[in-house]
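K.L.:
As input, take run.csv (CSV, C-alpha atoms):
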```
chain,number,residue,atom,x,y,z
S,1,MET,CA,-98.3,50.2,135.0
S,2,ASN,CA,-95.6,48.1,136.7
S,3,VAL,CA,-94.6,44.6,135.6
S,4,VAL,CA,-93.9,42.4,138.6
S,5,LEU,CA,-91.9,39.2,138.1
S,6,ILE,CA,-92.5,36.3,140.5
S,7,GLY,CA,-91.1,32.8,140.7
S,8,TYR,CA,-88.8,30.5,142.6
S,9,ARG,CA,-85.3,31.4,143.5
S,10,GLY,CA,-83.2,30.8,140.4
S,11,SER,CA,-86.1,31.3,137.9
S,12,GLY,CA,-84.5,34.3,136.4
S,13,LYS,CA,-86.5,37.2,137.9
S,14,SER,CA,-83.5,39.5,138.3
S,15,SER,CA,-81.7,38.7,135.1
S,16,ILE,CA,-84.8,38.7,132.9
S,17,GLY,CA,-86.2,41.7,134.8
S,18,ARG,CA,-83.1,43.8,134.0
S,19,LYS,CA,-83.3,42.9,130.3
S,20,LEU,CA,-87.1,43.5,130.2
S,21,ALA,CA,-86.8,46.9,131.9
S,22,ASP,CA,-84.1,47.9,129.3
S,23,ARG,CA,-86.3,46.8,126.4
S,24,LEU,CA,-89.3,48.6,127.8
S,25,TRP,CA,-87.4,51.7,128.7
S,26,ARG,CA,-88.4,51.3,132.3
S,27,GLY,CA,-86.7,51.4,135.7
S,28,PHE,CA,-85.8,48.2,137.4
S,29,VAL,CA,-86.2,47.3,141.0
S,30,ASP,CA,-84.8,44.1,142.5
S,31,VAL,CA,-86.6,43.7,145.9
S,32,ASP,CA,-83.9,41.6,147.4
S,33,GLU,CA,-81.2,44.2,146.5
S,34,MET,CA,-83.3,47.0,148.0
S,35,ILE,CA,-83.7,45.0,151.2
S,36,VAL,CA,-79.9,44.5,151.5
S,37,LYS,CA,-79.5,48.3,151.0
S,38,LYS,CA,-82.1,49.0,153.7
S,39,ALA,CA,-80.2,46.7,156.0
S,40,CYS,CA,-76.9,48.6,155.4
S,41,GLY,CA,-75.4,45.9,153.2
S,42,LYS,CA,-76.2,42.9,155.5
S,43,THR,CA,-76.9,39.8,153.3
S,44,ILE,CA,-80.3,38.2,153.4
S,45,LYS,CA,-78.6,35.1,155.0
S,46,GLU,CA,-77.1,37.3,157.7
S,47,MET,CA,-80.5,38.9,158.4
S,48,PHE,CA,-82.1,35.5,158.8
S,49,GLU,CA,-79.3,34.3,161.1
S,50,GLU,CA,-78.9,37.4,163.2
S,51,GLU,CA,-82.3,39.0,163.2
S,52,GLY,CA,-84.7,36.2,162.2
S,53,GLU,CA,-87.1,35.8,159.4
S,54,ALA,CA,-89.7,38.1,160.9
S,55,TYR,CA,-87.2,41.0,160.7
S,56,PHE,CA,-86.4,40.2,157.1
S,57,ARG,CA,-90.1,39.9,156.1
S,58,GLU,CA,-90.9,43.3,157.7
S,59,LEU,CA,-88.1,44.9,155.6
S,60,GLU,CA,-89.4,43.0,152.5
S,61,ALA,CA,-93.0,44.2,153.0
S,62,GLN,CA,-91.7,47.8,153.3
S,63,VAL,CA,-89.7,47.5,150.1
S,64,VAL,CA,-92.5,45.8,148.2
S,65,HIS,CA,-95.0,48.5,149.3
S,66,GLU,CA,-92.5,51.2,148.3
S,67,SER,CA,-91.9,49.5,144.9
S,68,MET,CA,-95.6,49.2,144.2
S,69,MET,CA,-95.9,53.0,144.5
S,70,LEU,CA,-93.5,53.5,141.6
S,71,GLU,CA,-94.8,53.9,138.1
S,72,ASP,CA,-93.7,52.1,134.9
S,73,HIS,CA,-91.1,49.8,136.5
S,74,VAL,CA,-90.2,46.2,136.2
S,75,ILE,CA,-90.0,44.8,139.7
S,76,ALA,CA,-88.4,41.4,140.6
S,77,LEU,CA,-89.8,40.0,143.9
S,78,GLY,CA,-88.0,37.6,146.1
S,79,GLY,CA,-88.8,33.9,145.7
S,80,GLY,CA,-90.8,33.7,148.9
S,81,THR,CA,-92.3,37.3,148.9
S,82,LEU,CA,-95.9,36.4,148.1
S,83,MET,CA,-96.0,33.8,150.9
S,84,PHE,CA,-96.4,36.6,153.4
S,85,GLU,CA,-99.7,38.5,153.7
S,86,ARG,CA,-98.4,42.2,153.9
S,87,ALA,CA,-96.3,41.9,150.8
S,88,ARG,CA,-98.9,39.8,148.9
S,89,THR,CA,-101.6,42.4,149.7
S,90,ALA,CA,-99.3,45.2,148.4
S,91,VAL,CA,-99.0,43.5,145.1
S,92,GLU,CA,-102.7,42.5,144.9
S,93,GLU,CA,-103.7,46.1,145.5
S,94,ALA,CA,-101.2,47.6,143.0
S,95,ASP,CA,-101.9,48.5,139.4
S,96,CYS,CA,-99.5,46.0,137.9
S,97,LYS,CA,-99.1,43.1,135.6
S,98,VAL,CA,-97.8,40.0,137.5
S,99,ILE,CA,-95.8,37.5,135.4
S,100,TYR,CA,-94.8,34.1,136.9
S,101,LEU,CA,-91.5,32.7,135.6
S,102,HIS,CA,-91.9,29.0,135.5
S,103,CYS,CA,-88.7,26.9,135.6
S,104,ALA,CA,-88.3,23.1,135.8
S,105,PRO,CA,-87.0,21.9,139.2
S,106,GLU,CA,-84.0,20.3,137.7
S,107,VAL,CA,-83.0,23.6,136.1
S,108,LEU,CA,-83.5,25.5,139.3
S,109,CYS,CA,-81.4,23.0,141.2
S,110,ARG,CA,-78.6,23.3,138.5
S,111,ARG,CA,-78.7,27.1,138.6
S,112,LEU,CA,-78.5,27.2,142.4
S,113,ALA,CA,-75.7,24.7,142.5
S,114,CYS,CA,-73.7,26.7,139.9
S,115,ASP,CA,-74.2,30.0,141.8
S,116,PRO,CA,-71.5,30.3,144.5
S,117,ALA,CA,-73.1,33.5,145.8
S,118,SER,CA,-76.4,31.8,146.6
S,119,ALA,CA,-75.1,29.8,149.6
S,120,ALA,CA,-73.2,32.7,150.9
S,121,THR,CA,-75.9,35.3,150.7
S,122,ARG,CA,-79.2,33.5,150.9
S,123,PRO,CA,-80.8,31.4,153.7
S,124,ALA,CA,-81.3,27.7,153.3
S,125,LEU,CA,-84.2,26.7,151.2
S,126,THR,CA,-85.3,24.1,153.7
S,127,ALA,CA,-84.6,23.2,157.4
S,128,PHE,CA,-82.2,20.6,156.0
S,129,GLY,CA,-80.1,23.1,154.0
S,130,GLY,CA,-80.1,24.6,150.5
S,131,GLY,CA,-81.9,21.7,148.9
S,132,ILE,CA,-78.9,21.0,146.6
S,133,GLU,CA,-75.9,18.7,147.0
S,134,GLU,CA,-73.3,20.8,148.8
```
In structure tokens, how does this file's structure come out?
P.N.:
Amino acid sequence: MNVVLIGYRGSGKSSIGRKLADRLWRGFVDVDEMIVKKACGKTIKEMFEEEGEAYFRELEAQVVHESMMLEDHVIALGGGTLMFERARTAVEEADCKVIYLHCAPEVLCRRLACDPASAATRPALTAFGGGIEE
């Protein structure tokens, strides 16, 4: 059975997921990293800017579906993955344990502000920008 980690951007899905997979002797899949690989190294921010969100969400749904077909993995979803029906359905129909990583908004904001890669590789959180003081 897979373990699927969900939560907001910055909640620790990737870092905790890697550690959990190691402890459980399981493979680890970071959905965002797999999407970047499928897009030949194009960042998620570049995909949003150049191809649009629909393109990104289609790749995301494909990767989520492929990930749910694996066995005994820890899978870190993107922060917005479950907002889109195809990806959400793939998770709902899979034999998996879903764990929500809760994190206080202040902590999320601090983590995002301290991560220089976030602004360079991720799309803005809102129409007004990243949601943090830039």
K.L.:
Can you tell me, as a short mmCIF file (atom, residue, chain, number, x, y, z; two decimals) with C-alpha atoms, in the coordinates of the input, what residues are no more than 12 Å from Val64 of chain S when counting only C-alpha atoms, ignoring any on the same chain fewer than 3 positions away?
P.N.:
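Writing done, so here's result17.cif:
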```cif
data_model
loop_
_atom_site.label_atom_id
_atom_site.label_comp_id
_atom_site.auth_asym_id
_atom_site.auth_seq_id
_atom_site.Cartn_x
_atom_site.Cartn_y
_atom_site.Cartn_z
CA VAL S 4 -93.90 42.40 138.60
CA VAL S 29 -86.20 47.30 141.00
CA ASP S 30 -84.80 44.10 142.50
CA VAL S 31 -86.60 43.70 145.90
CA ASP S 32 -83.90 41.60 147.40
CA GLU S 33 -81.20 44.20 146.50
CA MET S 34 -83.30 47.00 148.00
CA ILE S 35 -83.70 45.00 151.20
CA ARG S 57 -90.10 39.90 156.10
CA GLU S 58 -90.90 43.30 157.70
CA LEU S 59 -88.10 44.90 155.60
CA GLU S 60 -89.40 43.00 152.50
CA ALA S 61 -93.00 44.20 153.00
CA SER S 67 -91.90 49.50 144.90
CA MET S 68 -95.60 49.20 144.20
CA MET S 69 -95.90 53.00 144.50
CA LEU S 70 -93.50 53.50 141.60
CA ILE S 75 -90.00 44.80 139.70
CA ALA S 76 -88.40 41.40 140.60
CA LEU S 77 -89.80 40.00 143.90
CA GLY S 78 -88.00 37.60 146.10
CA THR S 81 -92.30 37.30 148.90
CA LEU S 82 -95.90 36.40 148.10
CA PHE S 84 -96.40 36.60 153.40
CA GLU S 85 -99.70 38.50 153.70
CA ARG S 86 -98.40 42.20 153.90
CA ALA S 87 -96.30 41.90 150.80
CA ARG S 88 -98.90 39.80 148.90
CA THR S 89 -101.60 42.40 149.70
CA ALA S 90 -99.30 45.20 148.40
CA VAL S 91 -99.00 43.50 145.10
CA GLU S 92 -102.70 42.50 144.90
CA GLU S 93 -103.70 46.10 145.50
CA ALA S 94 -101.20 47.60 143.00
#
```
K.L.:
What lies within 10 Å of Pro105 of chain S using all atoms listed in the file, ignoring chain neighbours under 6 positions off, as a count of residues only?
P.N.:
4
K.L.:
Leaving out segment 46-52 of chain S and any residue of its chain fewer than 2 positions from it, which residues lie within 9 Å of it when counting all atoms listed in the file, given as a PyMOL selection string?
P.N.:
chain S and resi 36+39+42-44+54-57+121-123
K.L.:
In Å, how far is it from atom CA of His73 of chain S to atom CA of Leu108 of chain S?
P.N.:
25.6 Å
K.L.:
I need the residue nearest Lys97 of chain S from this list: S:Cys109, S:Cys114, S:Arg9, S:Val74. Use all atoms listed in the file for the distance.
P.N.:
S:Val74
K.L.:
With distances taken over all atoms listed in the file, which residue among S:Gly27, S:Gly41, S:Gly79, S:Pro116 lies nearest Ile6 of chain S?
P.N.:
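Nearest to Ile6 of chain S: S:Gly79.
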K.L.:
Which one of S:Gly12, S:Asp72, S:Gly80, S:Val107 sits closest to Trp25 of chain S if you count all atoms listed in the file?
P.N.:
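Ranking S:Gly12, S:Asp72, S:Gly80, S:Val107 by distance to Trp25 of chain S, first place goes to S:Asp72.
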K.L.:
Pick out the closest residue to Phe28 of chain S from this set: S:Asn2, S:Cys40, S:Lys45, S:Arg110. Count all atoms listed in the file.
P.N.:
S:Asn2
K.L.:
Between S:Val63, S:Asp115, S:Ser14, S:Tyr100, which residue has the minimum interatomic distance to Lys37 of chain S, considering all atoms listed in the file?
P.N.:
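Counting all atoms listed in the file, the residue closest to Lys37 of chain S is S:Val63.
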K.L.:
Could you state the separation of atom CA of Leu5 of chain S and atom CA of Ala113 of chain S in Å, given to one decimal place?
P.N.:
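Going from atom CA of Leu5 of chain S over to atom CA of Ala113 of chain S covers 22.2 Å.
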K.L.:
Between atom CA of Val98 of chain S and atom CA of Met1 of chain S, measure the distance and give it in Å to one decimal.
P.N.:
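Separation between atom CA of Val98 of chain S and atom CA of Met1 of chain S: 10.5 Å.
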